[in-house]
Every structure is written in structure tokens, then in C-alpha cells.
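Trainee: To be precise about what I am sending: the file is called run-v5.cif and holds mmCIF, C-alpha atoms.
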data_my_file
#
loop_
_atom_site.label_atom_id
_atom_site.label_comp_id
_atom_site.auth_asym_id
_atom_site.auth_seq_id
_atom_site.Cartn_x
_atom_site.Cartn_y
_atom_site.Cartn_z
CA MET A 157 64.02 102.62 37.07
CA VAL A 158 67.30 101.32 35.73
CA GLY A 159 67.18 97.79 34.28
CA VAL A 160 69.07 94.85 35.74
CA ASN A 161 71.61 94.85 32.90
CA ALA A 162 71.96 98.60 32.38
CA GLY A 163 75.46 99.98 32.14
CA LEU A 164 77.24 96.64 31.67
CA VAL A 165 79.41 96.91 28.60
CA LEU A 166 82.58 94.89 28.09
CA ASP A 167 84.25 96.48 25.09
CA SER A 168 87.42 94.51 24.45
CA TRP A 169 87.97 90.80 23.83
CA ILE A 170 90.30 90.61 26.84
CA ASP A 171 87.63 92.20 29.08
CA ARG A 172 85.05 89.66 27.93
CA MET A 173 87.44 86.71 28.37
CA GLY A 174 88.44 87.89 31.85
CA ALA A 175 84.85 88.47 32.87
CA ALA A 176 83.87 84.98 31.67
CA LEU A 177 86.64 83.47 33.82
CA ILE A 178 86.49 85.73 36.88
CA ALA A 179 82.98 87.24 36.96
CA PRO A 180 80.75 85.04 34.78
CA ALA A 181 77.48 86.46 36.11
CA ARG A 182 78.62 89.94 35.08
CA ALA A 183 79.76 88.66 31.68
CA MET A 184 76.39 87.01 31.11
CA ALA A 185 74.49 90.10 32.19
CA ALA A 186 76.56 92.22 29.79
CA SER A 187 75.98 89.70 27.00
CA ASP A 188 72.23 89.80 27.57
CA THR A 189 72.08 93.52 26.75
CA PRO A 190 71.57 94.89 23.21
CA ALA A 191 75.15 96.23 23.22
CA GLY A 192 76.59 92.81 24.05
CA GLN A 193 74.57 90.65 21.71
CA GLY A 194 76.55 88.42 19.36
CA ARG A 195 79.95 89.10 20.86
CA SER A 196 80.25 85.99 23.01
CA SER A 197 79.80 83.53 20.18
CA SER A 198 82.54 85.18 18.13
CA ASP A 199 84.72 85.35 21.26
CA VAL A 200 84.50 81.61 21.82
CA ALA A 201 85.20 80.98 18.11
CA ILE A 202 88.38 83.07 18.35
CA LEU A 203 89.38 81.29 21.55
CA LEU A 204 88.86 77.87 19.94
CA LEU A 205 90.98 78.93 16.96
CA LEU A 206 93.73 80.23 19.25
CA ALA A 207 93.61 77.02 21.29
CA VAL A 208 94.03 74.86 18.19
CA LEU A 209 96.87 77.05 16.92
CA ALA A 210 98.62 77.02 20.30
CA VAL A 211 98.25 73.30 20.94
CA GLU A 212 98.92 72.15 17.40
CA THR A 213 101.84 74.41 16.52
CA ARG A 214 103.71 71.49 14.96
CA LEU A 215 100.65 70.73 12.85
CA VAL A 216 100.43 74.36 11.72
CA ALA A 217 104.10 74.21 10.66
CA ILE A 218 103.56 70.95 8.73
CA SER A 219 100.48 72.38 7.02
CA GLY A 220 102.41 75.57 6.22
CA TRP A 221 105.21 73.62 4.55
CA MET A 222 102.65 71.61 2.60
CA LEU A 223 101.17 74.89 1.38
CA VAL A 224 104.63 76.11 0.33
CA ASP A 225 105.10 72.81 -1.52
CA GLY A 226 101.84 73.45 -3.38
CA ASP A 227 99.76 70.73 -1.73
CA TRP A 228 96.82 72.93 -0.73
CA GLY A 229 94.32 70.10 -0.41
CA GLY A 230 96.68 67.99 1.70
CA ALA A 231 97.55 70.90 3.97
CA ILE A 232 93.92 71.74 4.66
CA THR A 233 93.02 68.07 5.16
CA VAL A 234 95.89 67.45 7.60
CA PHE A 235 95.04 70.58 9.58
CA LEU A 236 91.29 69.95 9.75
CA VAL A 237 91.59 66.25 10.60
CA ASP A 238 93.93 66.90 13.52
CA ALA A 239 92.17 70.07 14.65
CA ARG A 240 88.90 68.14 14.80
CA GLN A 241 89.96 66.39 18.01
CA HIS A 242 90.11 69.75 19.81
CA LEU A 243 86.93 71.15 18.31
CA THR A 244 84.42 68.30 18.34
CA MET A 245 83.49 68.19 22.02
CA PRO A 246 83.31 71.97 22.63
CA ILE A 247 81.15 72.48 19.53
CA LEU A 248 78.82 69.61 20.43
CA LEU A 249 78.54 70.94 23.98
CA LEU A 250 77.86 74.44 22.65
CA LEU A 251 75.07 73.29 20.34
CA GLY A 252 73.50 70.82 22.78
CA ALA A 253 73.59 73.17 25.76
CA SER A 254 72.19 76.02 23.63
CA VAL A 255 69.19 73.92 22.60
CA PHE A 256 68.71 72.81 26.23
CA LEU A 257 68.94 76.37 27.58
CA THR A 258 66.51 77.63 24.96
CA ILE A 259 64.01 74.94 25.93
CA VAL A 260 64.28 75.51 29.69
CA ALA A 261 64.12 79.30 29.30
CA GLY A 262 60.43 78.88 28.51
CA ARG A 263 58.62 82.10 27.62
CA ARG A 264 61.78 84.08 28.27
CA ARG A 265 63.70 82.38 25.47
CA ARG A 266 65.73 84.33 22.97
CA VAL A 267 67.64 81.83 20.84
CA SER A 268 70.59 84.02 19.87
CA ASP A 269 71.03 85.35 23.41
CA ASP A 270 70.80 81.83 24.82
CA PHE A 271 73.57 80.78 22.40
CA ASP A 272 75.69 83.70 23.64
CA LEU A 273 75.16 82.69 27.27
CA VAL A 274 76.27 79.12 26.54
CA SER A 275 79.28 80.52 24.67
CA ILE A 276 80.33 82.30 27.85
CA ALA A 277 79.88 79.07 29.81
CA LEU A 278 82.17 77.30 27.31
CA ILE A 279 85.06 79.77 27.64
CA PRO A 280 86.43 78.29 30.92
CA LEU A 281 86.28 74.77 29.44
CA VAL A 282 88.39 75.81 26.45
CA PHE A 283 90.71 77.76 28.75
CA VAL A 284 91.25 74.72 31.01
CA GLU A 285 91.90 72.47 28.01
CA LEU A 286 94.43 74.97 26.67
CA LEU A 287 96.11 75.21 30.06
CA ASN A 288 96.14 71.41 30.32
CA SER A 289 97.81 71.08 26.91
CA THR A 290 100.45 73.61 27.93
CA VAL A 291 101.15 71.80 31.21
CA PHE A 292 101.29 68.48 29.32
CA LEU A 293 104.00 69.91 27.06
CA LEU A 294 105.99 70.67 30.22
CA GLY A 295 105.81 67.01 31.24
CA ALA A 296 102.81 66.72 33.57
CA ASP A 297 99.88 64.50 32.67
CA ILE A 298 96.78 65.89 34.39
CA HIS A 299 94.36 65.41 31.50
CA THR A 300 91.66 63.60 33.51
CA LEU A 301 91.73 66.13 36.32
CA ALA A 302 91.67 69.02 33.85
CA ALA A 303 88.70 67.50 32.04
CA TYR A 304 86.75 67.16 35.30
CA VAL A 305 87.59 70.73 36.31
CA GLY A 306 86.73 72.13 32.88
CA TYR A 307 83.41 70.35 32.56
CA ALA A 308 82.41 71.08 36.17
CA TRP A 309 83.21 74.76 35.64
CA ALA A 310 81.21 74.81 32.39
CA LEU A 311 78.28 73.07 34.11
CA LEU A 312 78.34 75.65 36.91
CA LEU A 313 78.30 78.46 34.35
CA LEU A 314 75.41 76.81 32.53
CA GLY A 315 73.55 77.18 35.82
CA PHE A 316 74.45 80.88 35.81
CA ALA A 317 73.18 81.07 32.22
CA PHE A 318 69.85 79.57 33.30
CA LEU A 319 69.60 82.13 36.12
CA GLN A 320 70.34 84.91 33.63
CA THR A 321 67.45 83.76 31.43
CA ARG A 322 65.15 83.90 34.46
CA LYS A 323 66.00 87.60 34.92
CA ARG A 324 64.60 88.48 31.50
CA GLU A 325 61.21 90.04 31.18
CA TYR A 326 58.44 88.08 29.53
CA PRO A 327 57.86 89.12 25.93
CA ARG A 328 54.55 90.92 25.71
CA LYS A 329 52.01 90.26 23.05
CA GLU A 330 51.05 93.22 20.87
CA ALA A 331 47.50 93.20 22.25
CA GLU A 332 48.81 93.58 25.82
CA GLN A 333 51.10 96.47 24.84
CA LYS A 334 48.28 98.63 23.40
#
In C-alpha cells, how does this file's structure come out?
Mentor:
Amino acid sequence: MVGVNAGLVLDSWIDRMGAALIAPARAMAASDTPAGQGRSSSDVAILLLLAVLAVETRLVAISGWMLVDGDWGGAITVFLVDARQHLTMPILLLLGASVFLTIVAGRRRRVSDDFDLVSIALIPLVFVELLNSTVFLLGADIHTLAAYVGYAWALLLLGFAFLQTRKREYPRKEAEQK
């Protein structure tokens, strides 16, 4: 019998991002396979970096000129202090939701896989924040609406992540396997 997650492989970063936005259940099923382990957490890290670089382009330019001027410490400090405002909430949500999902997974818990599932749930939130920042640069102020949409979407995907953990088989003790 073929397993629930058999045959689901998302090879490229674009495939995994698209699946997280369009078909999150499929993305989570693919992430829960041995071939997909560890990819989602690095994907969300790349997306967070791209979001900071895209939103804070002016800051990147200022930091770059500080580097050219030889002020390495100042450039890194300026970049990290301003980038912190975009990274704090997603990282706290990622860590908190990962701990929560690991606890509620019960006997089916796998800490690294649970972290990957929450990483997939975070991708739409970062995407909505990035889209909101782009729209804001065009003159529209929809920050509150975008925050509600992003967090609601992430909460919905955390529900999908919980359902994905329920599809896992119980780990068997060595005595039961023999």
C-alpha cells in the first residue's frame, strides 16, 4: 500500500513557495516526507531575508555606503536594528507555534517536522506583509487589513499543520516491532 505522502516532492524553491500559498495541504504533506524534511525552514528564512531586502531597500543602500566608508560596525548595527521590526513577529510566531504544534501533536510529534509545518504556515503571512509594504509604497495604507488577512491565513494553515500531524503513524516501541 502506498503511504499518504508518497510521491509528493517539490524540488524548487518556487514550487514550494507556490504550494504553500496555493495548495498548503500538499506542501505540508510533501514537507512531512523524508525527501522534504528541512526545506521549509530554510525556505521561510530566505523569504524573510528577501522581504527585508525588498522593503528596506533604502536601508540596504545606506548600510552599503557605510560599508564603503569603512564603518562596518555602524552598517551592521543600522541594518539589524531596522530589520528587526520586520523579523521579530514572524520569528516569535514561528517559535511559539512550533512549540504549540509539537505539544498538541502528542505521540505523533516530530520536533523538526513540526517546525517545518509551521514554517509553511508562516509563508503566507510574510508574503502578505511583503505585498502590503509594496502597496504602501504605491500610496495605499491597508496595513491593518493586511495584518488581519496575514494572521488569519497563518492561523488557518496552522490548522492544516495540526491535521498533517494527525496523519502520521504512531512511533512504535522496539519491543512492539520485534
Trainee: Could you check how far CA of Arg264 (chain A) sits from CA of Leu251 (chain A), in Å to one decimal?
Mentor: 18.9 Å
Trainee: Evaluating the PyMOL selection byres ((chain A and resi 201) around 12) on the displayed file yields which residues, as an MDAnalysis selection string?
Mentor: chainID A and resid 169 173 194:200 202:208 243 246:247 250 272 275:276 278:279 282
Trainee: Skip region 311-325 of chain A itself and residues of its chain fewer than 2 positions away, then list as a PyMOL selection string all residues within 10 Å of it, counting only C-alpha atoms.
Mentor: chain A and resi 160-161+176-177+180-182+184-185+187-188+253-254+256-258+260-266+269-281+305-309+327-328
Trainee: Which value, in Å to one decimal, gives the distance between CA of Arg240 (chain A) and CA of Gly192 (chain A)?
Mentor: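 Going from CA of Arg240 (chain A) over to CA of Gly192 (chain A) covers 29.1 Å.
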Trainee: Please indicate the distance in Å from CA of Ile218 (chain A) to CA of Gln241 (chain A), rounded to one decimal place.
Mentor: 17.1 Å
Trainee: Which one of A:Ala210, A:Ile259, A:Val267, A:Val216 sits closest to Phe283 (chain A) if you count only C-alpha atoms?
Mentor: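 With only C-alpha atoms as the atom set, the closest residue is A:Ala210.
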Trainee: I need the residue nearest Met245 (chain A) from this list: A:Ser268, A:Asp167, A:Thr290, A:Ala303. Use only C-alpha atoms for the distance.
Mentor: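 For Met245 (chain A), the nearest of the given residues is A:Ala303.
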Trainee: Considering all atoms listed in the file, state which residue in the set A:Val255, A:Leu166, A:Ala239, A:Ile298 is at the smallest distance from Ala191 (chain A).
Mentor: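 The shortest atom-to-atom distance to Ala191 (chain A) comes from A:Leu166.
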Trainee: Is it possible to get the axis-aligned box enclosing region 250-268 of chain A (all listed atoms, 3 Å extra per side) as AutoDock Vina command-line options, with centre and edge lengths in Å rounded to one decimal?
Mentor:
--center_x 68.2 --center_y 77.6 --center_z 24.8 --size_x 25.2 --size_y 19.5 --size_z 15.8
